[in-house]
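Visitor: Input structure: data34.cif, which contains mmCIF, C-alpha atoms.
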```cif
data_data
#
loop_
_atom_site.group_PDB
_atom_site.id
_atom_site.type_symbol
_atom_site.label_atom_id
_atom_site.label_comp_id
_atom_site.auth_asym_id
_atom_site.auth_seq_id
_atom_site.Cartn_x
_atom_site.Cartn_y
_atom_site.Cartn_z
ATOM 1 C CA MET A 1 -41.622 9.609 6.870
ATOM 2 C CA ILE A 2 -40.703 12.285 4.335
ATOM 3 C CA ALA A 3 -39.218 14.437 7.085
ATOM 4 C CA SER A 4 -37.180 11.479 8.331
ATOM 5 C CA ALA A 5 -35.917 10.798 4.814
ATOM 6 C CA ARG A 6 -34.873 14.430 4.462
ATOM 7 C CA ARG A 7 -33.014 14.324 7.767
ATOM 8 C CA PHE A 8 -31.248 11.132 6.667
ATOM 9 C CA ALA A 9 -30.326 12.698 3.329
ATOM 10 C CA GLY A 10 -28.978 15.747 5.126
ATOM 11 C CA ALA A 11 -26.895 13.617 7.468
ATOM 12 C CA LEU A 12 -25.580 11.608 4.526
ATOM 13 C CA GLY A 13 -24.628 14.814 2.773
ATOM 14 C CA THR A 14 -22.317 15.752 5.615
ATOM 15 C CA LEU A 15 -20.303 12.601 4.885
ATOM 16 C CA VAL A 16 -19.520 13.740 1.348
ATOM 17 C CA ASP A 17 -16.085 15.338 1.137
ATOM 18 C CA ARG A 18 -16.628 18.788 -0.352
ATOM 19 C CA ARG A 19 -13.078 20.001 0.127
ATOM 20 C CA PRO A 20 -10.927 20.909 -2.891
ATOM 21 C CA PRO A 21 -8.578 18.270 -4.333
ATOM 22 C CA TRP A 22 -5.355 17.617 -2.412
ATOM 23 C CA SER A 23 -2.513 19.073 -4.477
ATOM 24 C CA MET A 24 0.961 17.533 -4.487
ATOM 25 C CA ASP A 25 2.658 20.588 -5.972
ATOM 26 C CA GLY A 26 5.378 21.806 -3.616
ATOM 27 C CA LYS A 27 4.449 19.245 -0.937
ATOM 28 C CA VAL A 28 6.905 16.948 0.857
ATOM 29 C CA VAL A 29 6.177 13.325 -0.039
ATOM 30 C CA VAL A 30 7.734 10.364 1.797
ATOM 31 C CA ILE A 31 7.836 6.991 0.014
ATOM 32 C CA THR A 32 9.220 3.790 1.509
ATOM 33 C CA GLY A 33 10.241 0.827 -0.646
ATOM 34 C CA ALA A 34 11.196 3.265 -3.398
ATOM 35 C CA ALA A 35 14.011 1.280 -5.019
ATOM 36 C CA SER A 36 11.775 -0.540 -7.507
ATOM 37 C CA GLY A 37 8.261 -1.437 -8.569
ATOM 38 C CA ILE A 38 5.336 0.649 -7.401
ATOM 39 C CA GLY A 39 7.573 2.664 -5.057
ATOM 40 C CA ARG A 40 9.840 3.772 -7.877
ATOM 41 C CA GLU A 41 6.911 4.728 -10.092
ATOM 42 C CA LEU A 42 5.245 6.605 -7.231
ATOM 43 C CA ALA A 43 8.430 8.654 -6.888
ATOM 44 C CA ARG A 44 8.522 9.453 -10.598
ATOM 45 C CA GLU A 45 4.829 10.342 -10.743
ATOM 46 C CA ALA A 46 4.982 12.489 -7.595
ATOM 47 C CA ALA A 47 7.976 14.285 -9.074
ATOM 48 C CA ARG A 48 5.985 15.063 -12.217
ATOM 49 C CA ARG A 49 3.314 16.572 -9.986
ATOM 50 C CA GLY A 50 5.787 18.938 -8.356
ATOM 51 C CA ALA A 51 6.501 17.132 -5.085
ATOM 52 C CA GLN A 52 9.645 17.232 -2.999
ATOM 53 C CA LEU A 53 10.673 13.689 -2.183
ATOM 54 C CA ALA A 54 12.057 11.691 0.726
ATOM 55 C CA LEU A 55 12.781 8.205 -0.613
ATOM 56 C CA SER A 56 13.965 5.135 1.285
ATOM 57 C CA ASP A 57 14.668 1.439 0.802
ATOM 58 C CA VAL A 58 17.043 -1.291 1.970
ATOM 59 C CA ASP A 59 18.321 -1.572 -1.622
ATOM 60 C CA ALA A 60 20.778 1.320 -1.859
ATOM 61 C CA GLU A 61 21.696 0.665 -5.494
ATOM 62 C CA GLY A 62 18.122 0.525 -6.703
ATOM 63 C CA LEU A 63 17.288 3.575 -4.613
ATOM 64 C CA ALA A 64 20.033 5.585 -6.299
ATOM 65 C CA GLU A 65 18.509 4.747 -9.680
ATOM 66 C CA THR A 66 15.105 5.913 -8.481
ATOM 67 C CA VAL A 67 16.584 9.176 -7.214
ATOM 68 C CA ALA A 68 18.079 9.858 -10.654
ATOM 69 C CA LEU A 69 14.754 9.086 -12.339
ATOM 70 C CA ALA A 70 12.839 11.317 -9.914
ATOM 71 C CA ARG A 71 15.182 14.226 -10.505
ATOM 72 C CA ALA A 72 14.891 13.733 -14.257
ATOM 73 C CA ALA A 73 11.105 13.825 -13.831
ATOM 74 C CA GLY A 74 11.335 17.261 -12.235
ATOM 75 C CA ALA A 75 11.506 16.751 -8.465
ATOM 76 C CA PRO A 76 12.827 20.027 -6.978
ATOM 77 C CA ASP A 77 14.427 18.273 -3.985
ATOM 78 C CA VAL A 78 15.124 14.582 -3.368
ATOM 79 C CA ARG A 79 16.446 13.072 -0.146
ATOM 80 C CA SER A 80 17.382 9.378 -0.099
ATOM 81 C CA ASP A 81 18.121 7.101 2.861
ATOM 82 C CA ARG A 82 18.754 3.421 3.360
ATOM 83 C CA LEU A 83 16.011 2.330 5.760
ATOM 84 C CA ASP A 84 14.711 -0.944 7.155
ATOM 85 C CA VAL A 85 11.094 -0.157 8.024
ATOM 86 C CA SER A 86 10.907 -3.120 10.401
ATOM 87 C CA GLU A 87 13.233 -1.285 12.823
ATOM 88 C CA GLN A 88 11.109 1.120 14.859
ATOM 89 C CA ALA A 89 14.021 3.137 16.250
ATOM 90 C CA ALA A 90 15.440 3.639 12.760
ATOM 91 C CA VAL A 91 12.077 4.820 11.414
ATOM 92 C CA ALA A 92 11.683 7.211 14.347
ATOM 93 C CA GLU A 93 15.101 8.730 13.658
ATOM 94 C CA TYR A 94 14.334 8.895 9.945
ATOM 95 C CA ALA A 95 11.018 10.698 10.463
ATOM 96 C CA GLY A 96 12.734 13.374 12.534
ATOM 97 C CA ALA A 97 15.525 13.769 9.991
ATOM 98 C CA VAL A 98 13.069 14.163 7.101
ATOM 99 C CA ALA A 99 11.021 16.757 8.996
ATOM 100 C CA ASP A 100 14.190 18.683 9.859
ATOM 101 C CA HIS A 101 15.458 18.528 6.275
ATOM 102 C CA PHE A 102 12.271 19.807 4.610
ATOM 103 C CA GLY A 103 10.659 21.706 7.472
ATOM 104 C CA ALA A 104 7.394 19.778 7.059
ATOM 105 C CA VAL A 105 5.916 16.460 5.930
ATOM 106 C CA HIS A 106 2.664 16.407 3.966
ATOM 107 C CA LEU A 107 2.243 12.927 2.474
ATOM 108 C CA VAL A 108 3.600 9.573 3.644
ATOM 109 C CA ILE A 109 3.220 6.442 1.494
ATOM 110 C CA ASN A 110 4.058 3.267 3.390
ATOM 111 C CA ASN A 111 4.814 1.080 0.394
ATOM 112 C CA ALA A 112 7.700 -1.195 1.454
ATOM 113 C CA GLY A 113 6.827 -4.879 1.420
ATOM 114 C CA ILE A 114 8.089 -8.423 0.903
ATOM 115 C CA ALA A 115 6.499 -11.800 0.216
ATOM 116 C CA PHE A 116 7.107 -15.401 1.218
ATOM 117 C CA THR A 117 5.861 -18.629 -0.365
ATOM 118 C CA GLY A 118 5.103 -21.440 2.056
ATOM 119 C CA THR A 119 2.195 -23.446 3.395
ATOM 120 C CA VAL A 120 1.256 -22.958 7.034
ATOM 121 C CA ASP A 121 2.675 -26.323 8.071
ATOM 122 C CA ARG A 122 5.949 -25.978 6.137
ATOM 123 C CA GLY A 123 6.703 -22.310 6.720
ATOM 124 C CA GLY A 124 8.803 -21.392 9.735
ATOM 125 C CA TYR A 125 7.854 -18.995 12.496
ATOM 126 C CA LYS A 126 10.750 -16.741 11.511
ATOM 127 C CA ASP A 127 9.526 -16.585 7.917
ATOM 128 C CA THR A 128 6.060 -15.446 8.985
ATOM 129 C CA ALA A 129 7.540 -13.028 11.500
ATOM 130 C CA ARG A 130 9.772 -11.437 8.849
ATOM 131 C CA VAL A 131 6.814 -10.800 6.530
ATOM 132 C CA MET A 132 4.806 -9.337 9.407
ATOM 133 C CA ASP A 133 7.782 -7.223 10.515
ATOM 134 C CA VAL A 134 8.087 -5.551 7.113
ATOM 135 C CA ASP A 135 4.572 -5.613 5.664
ATOM 136 C CA TYR A 136 2.623 -4.863 8.836
ATOM 137 C CA TRP A 137 4.952 -3.443 11.458
ATOM 138 C CA GLY A 138 6.733 -1.397 8.813
ATOM 139 C CA VAL A 139 3.398 0.294 8.106
ATOM 140 C CA VAL A 140 2.740 0.777 11.822
ATOM 141 C CA HIS A 141 6.193 2.311 12.346
ATOM 142 C CA GLY A 142 5.854 4.633 9.360
ATOM 143 C CA THR A 143 2.395 5.676 10.448
ATOM 144 C CA LYS A 144 3.091 6.337 14.117
ATOM 145 C CA GLU A 145 6.439 8.077 13.637
ATOM 146 C CA PHE A 146 5.257 10.383 10.847
ATOM 147 C CA LEU A 147 1.730 11.029 12.128
ATOM 148 C CA PRO A 148 2.683 13.967 14.402
ATOM 149 C CA HIS A 149 4.375 15.649 11.430
ATOM 150 C CA LEU A 150 1.360 15.058 9.189
ATOM 151 C CA ILE A 151 -0.932 16.564 11.816
ATOM 152 C CA ALA A 152 1.401 19.532 12.238
ATOM 153 C CA SER A 153 1.306 20.195 8.481
ATOM 154 C CA GLY A 154 -2.363 21.181 8.778
ATOM 155 C CA ASP A 155 -3.334 19.215 5.662
ATOM 156 C CA GLY A 156 -1.564 15.867 5.794
ATOM 157 C CA HIS A 157 -2.233 12.622 3.990
ATOM 158 C CA LEU A 158 -1.238 9.060 4.870
ATOM 159 C CA VAL A 159 -1.324 6.186 2.373
ATOM 160 C CA ASN A 160 -0.816 2.561 3.387
ATOM 161 C CA LEU A 161 -0.337 -0.165 0.790
ATOM 162 C CA SER A 162 -2.456 -3.208 1.451
ATOM 163 C CA SER A 163 -3.425 -5.667 -1.323
ATOM 164 C CA ILE A 164 -6.313 -7.541 -2.891
ATOM 165 C CA PHE A 165 -4.932 -10.398 -0.788
ATOM 166 C CA ALA A 166 -6.264 -8.552 2.253
ATOM 167 C CA PHE A 167 -9.725 -9.831 1.330
ATOM 168 C CA MET A 168 -8.930 -12.715 -1.045
ATOM 169 C CA SER A 169 -6.633 -15.321 0.452
ATOM 170 C CA VAL A 170 -4.578 -17.712 -1.686
ATOM 171 C CA PRO A 171 -2.691 -20.900 -0.786
ATOM 172 C CA THR A 172 1.017 -20.632 0.145
ATOM 173 C CA GLN A 173 0.677 -16.915 0.955
ATOM 174 C CA SER A 174 -0.775 -17.028 4.479
ATOM 175 C CA ALA A 175 1.804 -14.644 5.956
ATOM 176 C CA TYR A 176 1.331 -12.090 3.176
ATOM 177 C CA ASN A 177 -2.472 -12.454 3.301
ATOM 178 C CA ALA A 178 -2.453 -11.901 7.067
ATOM 179 C CA ALA A 179 -0.105 -8.919 6.957
ATOM 180 C CA LYS A 180 -2.088 -7.140 4.259
ATOM 181 C CA ALA A 181 -5.392 -7.791 6.032
ATOM 182 C CA ALA A 182 -3.862 -6.322 9.188
ATOM 183 C CA VAL A 183 -2.760 -3.243 7.228
ATOM 184 C CA GLN A 184 -6.301 -2.739 5.947
ATOM 185 C CA GLN A 185 -7.900 -2.898 9.392
ATOM 186 C CA PHE A 186 -5.186 -0.759 10.986
ATOM 187 C CA THR A 187 -5.556 1.894 8.283
ATOM 188 C CA GLU A 188 -9.342 2.013 8.367
ATOM 189 C CA SER A 189 -9.311 2.328 12.144
ATOM 190 C CA LEU A 190 -6.829 5.199 11.929
ATOM 191 C CA ARG A 191 -8.931 6.990 9.328
ATOM 192 C CA MET A 192 -11.965 6.875 11.605
ATOM 193 C CA GLU A 193 -9.894 8.132 14.541
ATOM 194 C CA MET A 194 -8.579 11.088 12.529
ATOM 195 C CA SER A 195 -12.133 11.918 11.442
ATOM 196 C CA ALA A 196 -13.635 11.537 14.922
ATOM 197 C CA GLU A 197 -10.931 13.709 16.491
ATOM 198 C CA GLY A 198 -11.065 16.342 13.754
ATOM 199 C CA ARG A 199 -7.397 15.862 12.882
ATOM 200 C CA PRO A 200 -6.240 17.389 9.560
ATOM 201 C CA VAL A 201 -5.008 14.095 8.076
ATOM 202 C CA ASP A 202 -6.643 12.126 5.257
ATOM 203 C CA VAL A 203 -5.989 8.389 5.293
ATOM 204 C CA THR A 204 -6.063 6.092 2.269
ATOM 205 C CA CYS A 205 -5.806 2.313 2.074
ATOM 206 C CA VAL A 206 -4.620 0.979 -1.297
ATOM 207 C CA HIS A 207 -5.413 -2.485 -2.651
ATOM 208 C CA PRO A 208 -3.343 -3.259 -5.756
ATOM 209 C CA GLY A 209 -4.295 -6.219 -7.897
ATOM 210 C CA GLY A 210 -1.780 -7.935 -10.141
ATOM 211 C CA ILE A 211 0.971 -5.370 -10.731
ATOM 212 C CA ARG A 212 4.023 -6.039 -12.887
ATOM 213 C CA THR A 213 6.752 -5.821 -10.257
ATOM 214 C CA ALA A 214 9.435 -8.177 -8.930
ATOM 215 C CA VAL A 215 7.856 -8.736 -5.503
ATOM 216 C CA ALA A 216 6.658 -12.271 -6.312
ATOM 217 C CA ARG A 217 9.916 -13.195 -8.064
ATOM 218 C CA ASN A 218 11.962 -11.943 -5.107
ATOM 219 C CA ALA A 219 9.936 -13.812 -2.497
ATOM 220 C CA GLY A 220 11.561 -16.334 -0.193
ATOM 221 C CA ALA A 221 10.199 -19.882 0.021
ATOM 222 C CA ALA A 222 9.798 -22.664 2.537
ATOM 223 C CA GLU A 223 11.889 -25.817 2.164
ATOM 224 C CA GLY A 224 10.488 -28.041 -0.558
ATOM 225 C CA LEU A 225 8.644 -25.203 -2.279
ATOM 226 C CA ASP A 226 9.780 -22.944 -5.089
ATOM 227 C CA SER A 227 8.609 -19.337 -5.028
ATOM 228 C CA ALA A 228 9.230 -19.272 -8.775
ATOM 229 C CA ASP A 229 6.144 -21.471 -9.290
ATOM 230 C CA PHE A 230 3.864 -18.942 -7.603
ATOM 231 C CA ALA A 231 5.716 -16.037 -9.245
ATOM 232 C CA THR A 232 5.285 -17.526 -12.712
ATOM 233 C CA VAL A 233 1.545 -18.001 -12.255
ATOM 234 C CA PHE A 234 1.172 -14.549 -10.693
ATOM 235 C CA ASP A 235 3.165 -12.805 -13.424
ATOM 236 C CA GLN A 236 1.499 -14.642 -16.311
ATOM 237 C CA LYS A 237 -2.095 -14.833 -15.074
ATOM 238 C CA PHE A 238 -2.542 -11.891 -12.707
ATOM 239 C CA ALA A 239 0.084 -9.184 -13.276
ATOM 240 C CA ARG A 240 -1.747 -7.197 -15.926
ATOM 241 C CA THR A 241 -1.243 -3.647 -14.646
ATOM 242 C CA GLU A 242 2.002 -1.730 -15.124
ATOM 243 C CA ALA A 243 3.589 -0.213 -12.024
ATOM 244 C CA SER A 244 3.476 3.219 -13.670
ATOM 245 C CA THR A 245 -0.289 2.889 -14.123
ATOM 246 C CA ALA A 246 -0.649 1.801 -10.495
ATOM 247 C CA ALA A 247 1.262 4.891 -9.364
ATOM 248 C CA ARG A 248 -1.025 7.219 -11.323
ATOM 249 C CA VAL A 249 -4.147 5.535 -9.945
ATOM 250 C CA ILE A 250 -2.842 5.774 -6.379
ATOM 251 C CA LEU A 251 -1.834 9.424 -6.593
ATOM 252 C CA ASP A 252 -5.083 10.318 -8.366
ATOM 253 C CA GLY A 253 -6.844 8.724 -5.400
ATOM 254 C CA VAL A 254 -4.761 10.804 -3.006
ATOM 255 C CA GLU A 255 -5.611 14.023 -4.831
ATOM 256 C CA LYS A 256 -9.299 13.083 -4.703
ATOM 257 C CA ARG A 257 -8.954 12.304 -0.966
ATOM 258 C CA ARG A 258 -10.298 8.790 -1.405
ATOM 259 C CA ALA A 259 -10.376 6.462 1.577
ATOM 260 C CA ARG A 260 -9.998 3.292 -0.484
ATOM 261 C CA VAL A 261 -8.232 2.778 -3.793
ATOM 262 C CA LEU A 262 -8.461 -0.417 -5.849
ATOM 263 C CA VAL A 263 -5.732 -0.697 -8.478
ATOM 264 C CA GLY A 264 -6.382 -2.622 -11.673
ATOM 265 C CA PRO A 265 -9.510 -4.133 -13.228
ATOM 266 C CA ASP A 266 -8.736 -7.451 -11.514
ATOM 267 C CA ALA A 267 -8.828 -5.743 -8.116
ATOM 268 C CA HIS A 268 -12.351 -4.472 -8.801
ATOM 269 C CA ALA A 269 -13.468 -7.875 -10.113
ATOM 270 C CA ILE A 270 -11.999 -9.779 -7.170
ATOM 271 C CA ASP A 271 -13.480 -7.342 -4.678
ATOM 272 C CA LEU A 272 -16.928 -7.971 -6.146
ATOM 273 C CA MET A 273 -16.415 -11.737 -6.389
ATOM 274 C CA VAL A 274 -15.388 -12.093 -2.758
ATOM 275 C CA ARG A 275 -18.339 -9.966 -1.610
ATOM 276 C CA LEU A 276 -20.762 -12.116 -3.608
ATOM 277 C CA PHE A 277 -19.141 -15.494 -2.914
ATOM 278 C CA PRO A 278 -17.154 -15.204 0.322
ATOM 279 C CA VAL A 279 -16.814 -18.992 0.691
ATOM 280 C CA ARG A 280 -17.304 -20.396 -2.804
ATOM 281 C CA TYR A 281 -14.404 -18.370 -4.242
ATOM 282 C CA GLN A 282 -12.064 -20.446 -2.069
ATOM 283 C CA ALA A 283 -12.890 -23.710 -3.835
ATOM 284 C CA ALA A 284 -12.276 -22.062 -7.193
ATOM 285 C CA THR A 285 -8.951 -20.708 -5.950
ATOM 286 C CA VAL A 286 -7.870 -24.168 -4.748
ATOM 287 C CA ALA A 287 -8.752 -25.711 -8.126
ATOM 288 C CA PHE A 288 -6.859 -22.959 -9.936
ATOM 289 C CA SER A 289 -3.802 -23.414 -7.691
ATOM 290 C CA ARG A 290 -3.763 -27.169 -8.223
ATOM 291 C CA HIS A 291 -4.110 -26.794 -11.987
ATOM 292 C CA PHE A 292 -1.039 -24.583 -12.179
ATOM 293 C CA GLY A 293 0.987 -26.552 -9.644
ATOM 294 C CA VAL A 294 1.123 -23.846 -6.984
ATOM 295 C CA VAL A 295 0.102 -26.377 -4.308
#
```
Show me, as C-alpha cells, the structure contained in the file I just sent.

Guide:
Amino acid sequence: MIASARRFAGALGTLVDRRPPWSMDGKVVVITGAASGIGRELAREAARRGAQLALSDVDAEGLAETVALARAAGAPDVRSDRLDVSEQAAVAEYAGAVADHFGAVHLVINNAGIAFTGTVDRGGYKDTARVMDVDYWGVVHGTKEFLPHLIASGDGHLVNLSSIFAFMSVPTQSAYNAAKAAVQQFTESLRMEMSAEGRPVDVTCVHPGGIRTAVARNAGAAEGLDSADFATVFDQKFARTEASTAARVILDGVEKRRARVLVGPDAHAIDLMVRLFPVRYQAATVAFSRHFGVV
C-alpha cells in the first residue's frame, strides 16, 4: 500500500507545472473586444508589462481611445483593427495580418462579447444566434485562426473569457449562459488536447464575476423586457470588481500558467455555492430575481 501511495504521489507530481512563469515582456499580445471594459484594461496592463499589442473591436472610436491609453502605458508597438469576431473569414485574414506585422504571436485573449436580456419564450432565434455568434463562435474563430501561430511561437498562450454564468445560470440570460458554458467546455477540451499532443501552448479559461463594465447596460432586450432592469441589479448588487483589477488578476493567471482563473470574490463564492448546492441555488436565484423585478 505504501509503495502504491508513493507511485500515486509521483504520478501526481508530474502534473504540477514546474516551468518558470510566462513573461509578457516583449511578447506579442492579441486582445479582442479592446474598445472598453476588461479588454481596454487588459491592453493597458499588458502594455505596462512590456507587451506589443494587436487590439481589435467593432467600436472604432473606443478602440482608438484604448490605443492611446496603451501607448501612454508604455506599449512599444500597438496595432489596431476594426474586427467583427463573428465573421470567420475576417478573423482568418486578421490573424495572418497580425502575424505578418509582428513576425510572431505569443498570447491571444478572446475577450469580445455581448449580452441579451430575454426569456426563452420571448427571445427570438436571431437574438440567441447573435449572442452565440459573438460570445461562442467569436472565441472559436479566434482560437482556430491564431492557434497555428501560437504553436509556431514555441511558447504560446491562449486565454478565453467565459463567465461565472457558465456554471451559474440566471433568468433572462439563457443565451449568454449557454454561450459562456460552451466557451468553458471548448477551452478545457483544447487545453487537454494541447497537453496530450505535447504542443507548446498553455490554455486558460477565465470566469469573471461581477465586473464594473458596460456589457449589461449595452445589452439588447426582447420585446416587453427592459435590459436596464437586469443591468441595474447587476451593476448595483454584483458588479463589485473594477475592470482594472480584473485585468491584473487575469494577466497574473497567465504569467502563472493557470488553467482556470476566477475573477472577484463573488466568483469564488458562487463557484463554491453551485458545487455545494447545484439545484437549490436555482430557487434562491429565482426568489432574488423576482424581488428585484428582473422576471

Visitor: Have a look at CA of Asp155 (chain A) and CA of Gly39 (chain A) and let me know their distance in Å, one decimal.

Guide: 22.5 Å

Visitor: What's the 8 Å shell around Ser86 (chain A), counting all atoms listed in the file, without same-chain residues fewer than 6 positions away, as a ChimeraX atom specification?

Guide: /A:133-134,137-138,141

Visitor: Grab the CA of Ala283 (chain A) to CA of Ile164 (chain A) distance for me, in Å with one decimal place.

Guide: 17.5 Å

Visitor: Kindly provide the residues of region 17-71 of chain A that approach region 192-214 of chain A to within 8 Å, each paired with its closest atom pair and their distance in Å to one decimal, based on all atoms listed in the file, listed by chain and increasing number, as CSV.

Guide:
```
residue,atom,partner,partner_atom,distance
A:Ser36,CA,A:Thr213,CA,7.8
A:Gly37,CA,A:Thr213,CA,4.9
A:Ile38,CA,A:Thr213,CA,7.2
```

Visitor: Using only C-alpha atoms, which of A:Arg260, A:Arg290, A:Arg79, A:Lys180 sits nearest Tyr136 (chain A)?

Guide: A:Lys180

Visitor: Kindly indicate which residue among A:Lys144, A:Arg19, A:Arg275, A:Arg248 lies nearest to Leu42 (chain A), using all atoms listed in the file for the distances.

Guide: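 Looking at the shortest contact to Leu42 (chain A), the residue is A:Arg248.
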
Visitor: Evaluate the PyMOL selection byres ((chain A and resi 149) around 9) here and jot the selected residues down as a CSV table (one decimal) with C-alpha atoms, in the coordinates of the input.

Guide:
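Writing done, so here's part.csv:
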```csv
chain,number,residue,atom,x,y,z
A,95,ALA,CA,11.0,10.7,10.5
A,96,GLY,CA,12.7,13.4,12.5
A,99,ALA,CA,11.0,16.8,9.0
A,104,ALA,CA,7.4,19.8,7.1
A,105,VAL,CA,5.9,16.5,5.9
A,106,HIS,CA,2.7,16.4,4.0
A,145,GLU,CA,6.4,8.1,13.6
A,146,PHE,CA,5.3,10.4,10.8
A,147,LEU,CA,1.7,11.0,12.1
A,148,PRO,CA,2.7,14.0,14.4
A,150,LEU,CA,1.4,15.1,9.2
A,151,ILE,CA,-0.9,16.6,11.8
A,152,ALA,CA,1.4,19.5,12.2
A,153,SER,CA,1.3,20.2,8.5
A,156,GLY,CA,-1.6,15.9,5.8
```

Visitor: As a check of understanding, name the residues that the PyMOL selection byres ((chain A and resi 94) around 10) selects in the supplied structure, as a ChimeraX atom specification.

Guide: /A:54,56,81-83,85,88-93,95-100,142,145-146

Visitor: Written as a short mmCIF file (atom, residue, chain, number, x, y, z; two decimals) with C-alpha atoms, in the frame of the given file, which residues does the PyMOL selection byres ((chain A and resi 179) around 6) give for the file shown?

Guide:
```cif
data_model
loop_
_atom_site.label_atom_id
_atom_site.label_comp_id
_atom_site.auth_asym_id
_atom_site.auth_seq_id
_atom_site.Cartn_x
_atom_site.Cartn_y
_atom_site.Cartn_z
CA MET A 132 4.81 -9.34 9.41
CA ASP A 135 4.57 -5.61 5.66
CA TYR A 136 2.62 -4.86 8.84
CA TYR A 176 1.33 -12.09 3.18
CA ASN A 177 -2.47 -12.45 3.30
CA ALA A 178 -2.45 -11.90 7.07
CA LYS A 180 -2.09 -7.14 4.26
CA ALA A 181 -5.39 -7.79 6.03
CA ALA A 182 -3.86 -6.32 9.19
#
```

Visitor: Just give me the gap between CA of Gly74 (chain A) and CA of Val159 (chain A) in Å, one decimal is fine.

Guide: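 We find that CA of Gly74 (chain A) and CA of Val159 (chain A) lie 22.3 Å from each other.
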
Visitor: For each of A:Val58, A:Ile270, A:Ala35, A:Phe186, take the minimum atom-to-atom distance to Ser169 (chain A), counting all atoms listed in the file, then give the residue where this is smallest.

Guide: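 Of the candidates, the smallest distance to Ser169 (chain A) is held by A:Ile270.
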
Visitor: Counting all atoms listed in the file, which of A:Val29, A:Ala129, A:Ala60, A:Met168 gets nearest to Gln282 (chain A)?

Guide: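 Of A:Val29, A:Ala129, A:Ala60, A:Met168, the one nearest Gln282 (chain A), counting all atoms listed in the file, is A:Met168.
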
Visitor: Region 101-119 of chain A from the block above, N, CA and C atoms, as a tab-separated table (two decimals), in the first residue's frame, please?

Guide:
```
chain	number	residue	atom	x	y	z
A	101	HIS	N	2.67	41.34	-39.41
A	101	HIS	CA	3.09	42.63	-38.87
A	101	HIS	C	4.17	42.47	-37.80
A	102	PHE	N	3.96	41.54	-36.86
A	102	PHE	CA	4.87	41.39	-35.73
A	102	PHE	C	5.91	40.30	-35.92
A	103	GLY	N	5.65	39.38	-36.84
A	103	GLY	CA	6.58	38.27	-37.04
A	103	GLY	C	6.30	37.07	-36.16
A	104	ALA	N	5.41	37.23	-35.18
A	104	ALA	CA	5.05	36.14	-34.27
A	104	ALA	C	3.83	36.54	-33.48
A	105	VAL	N	3.18	35.57	-32.88
A	105	VAL	CA	2.05	35.81	-31.96
A	105	VAL	C	2.27	34.90	-30.75
A	106	HIS	N	2.25	35.49	-29.55
A	106	HIS	CA	2.56	34.72	-28.35
A	106	HIS	C	1.35	34.51	-27.43
A	107	LEU	N	0.48	35.51	-27.35
A	107	LEU	CA	-0.67	35.42	-26.45
A	107	LEU	C	-1.90	35.97	-27.15
A	108	VAL	N	-2.98	35.19	-27.14
A	108	VAL	CA	-4.26	35.64	-27.69
A	108	VAL	C	-5.30	35.60	-26.58
A	109	ILE	N	-6.00	36.73	-26.39
A	109	ILE	CA	-7.07	36.81	-25.39
A	109	ILE	C	-8.37	37.07	-26.13
A	110	ASN	N	-9.20	36.05	-26.21
A	110	ASN	CA	-10.51	36.16	-26.85
A	110	ASN	C	-11.49	36.72	-25.82
A	111	ASN	N	-11.64	38.04	-25.85
A	111	ASN	CA	-12.40	38.74	-24.82
A	111	ASN	C	-13.73	39.30	-25.33
A	112	ALA	N	-13.87	39.51	-26.63
A	112	ALA	CA	-15.06	40.17	-27.17
A	112	ALA	C	-16.33	39.43	-26.78
A	113	GLY	N	-17.37	40.19	-26.38
A	113	GLY	CA	-18.61	39.55	-26.00
A	113	GLY	C	-19.75	40.55	-25.92
A	114	ILE	N	-20.97	40.04	-26.05
A	114	ILE	CA	-22.18	40.84	-25.92
A	114	ILE	C	-23.17	40.09	-25.03
A	115	ALA	N	-24.24	40.77	-24.66
A	115	ALA	CA	-25.28	40.13	-23.84
A	115	ALA	C	-26.65	40.47	-24.42
A	116	PHE	N	-27.64	39.69	-23.99
A	116	PHE	CA	-29.01	39.91	-24.43
A	116	PHE	C	-29.95	39.49	-23.30
A	117	THR	N	-30.93	40.35	-23.01
A	117	THR	CA	-31.90	40.06	-21.95
A	117	THR	C	-33.21	39.60	-22.58
A	118	GLY	N	-33.63	38.39	-22.24
A	118	GLY	CA	-34.88	37.88	-22.79
A	118	GLY	C	-35.14	36.47	-22.30
A	119	THR	N	-36.37	36.19	-21.92
A	119	THR	CA	-36.72	34.83	-21.53
A	119	THR	C	-36.70	33.93	-22.76
```
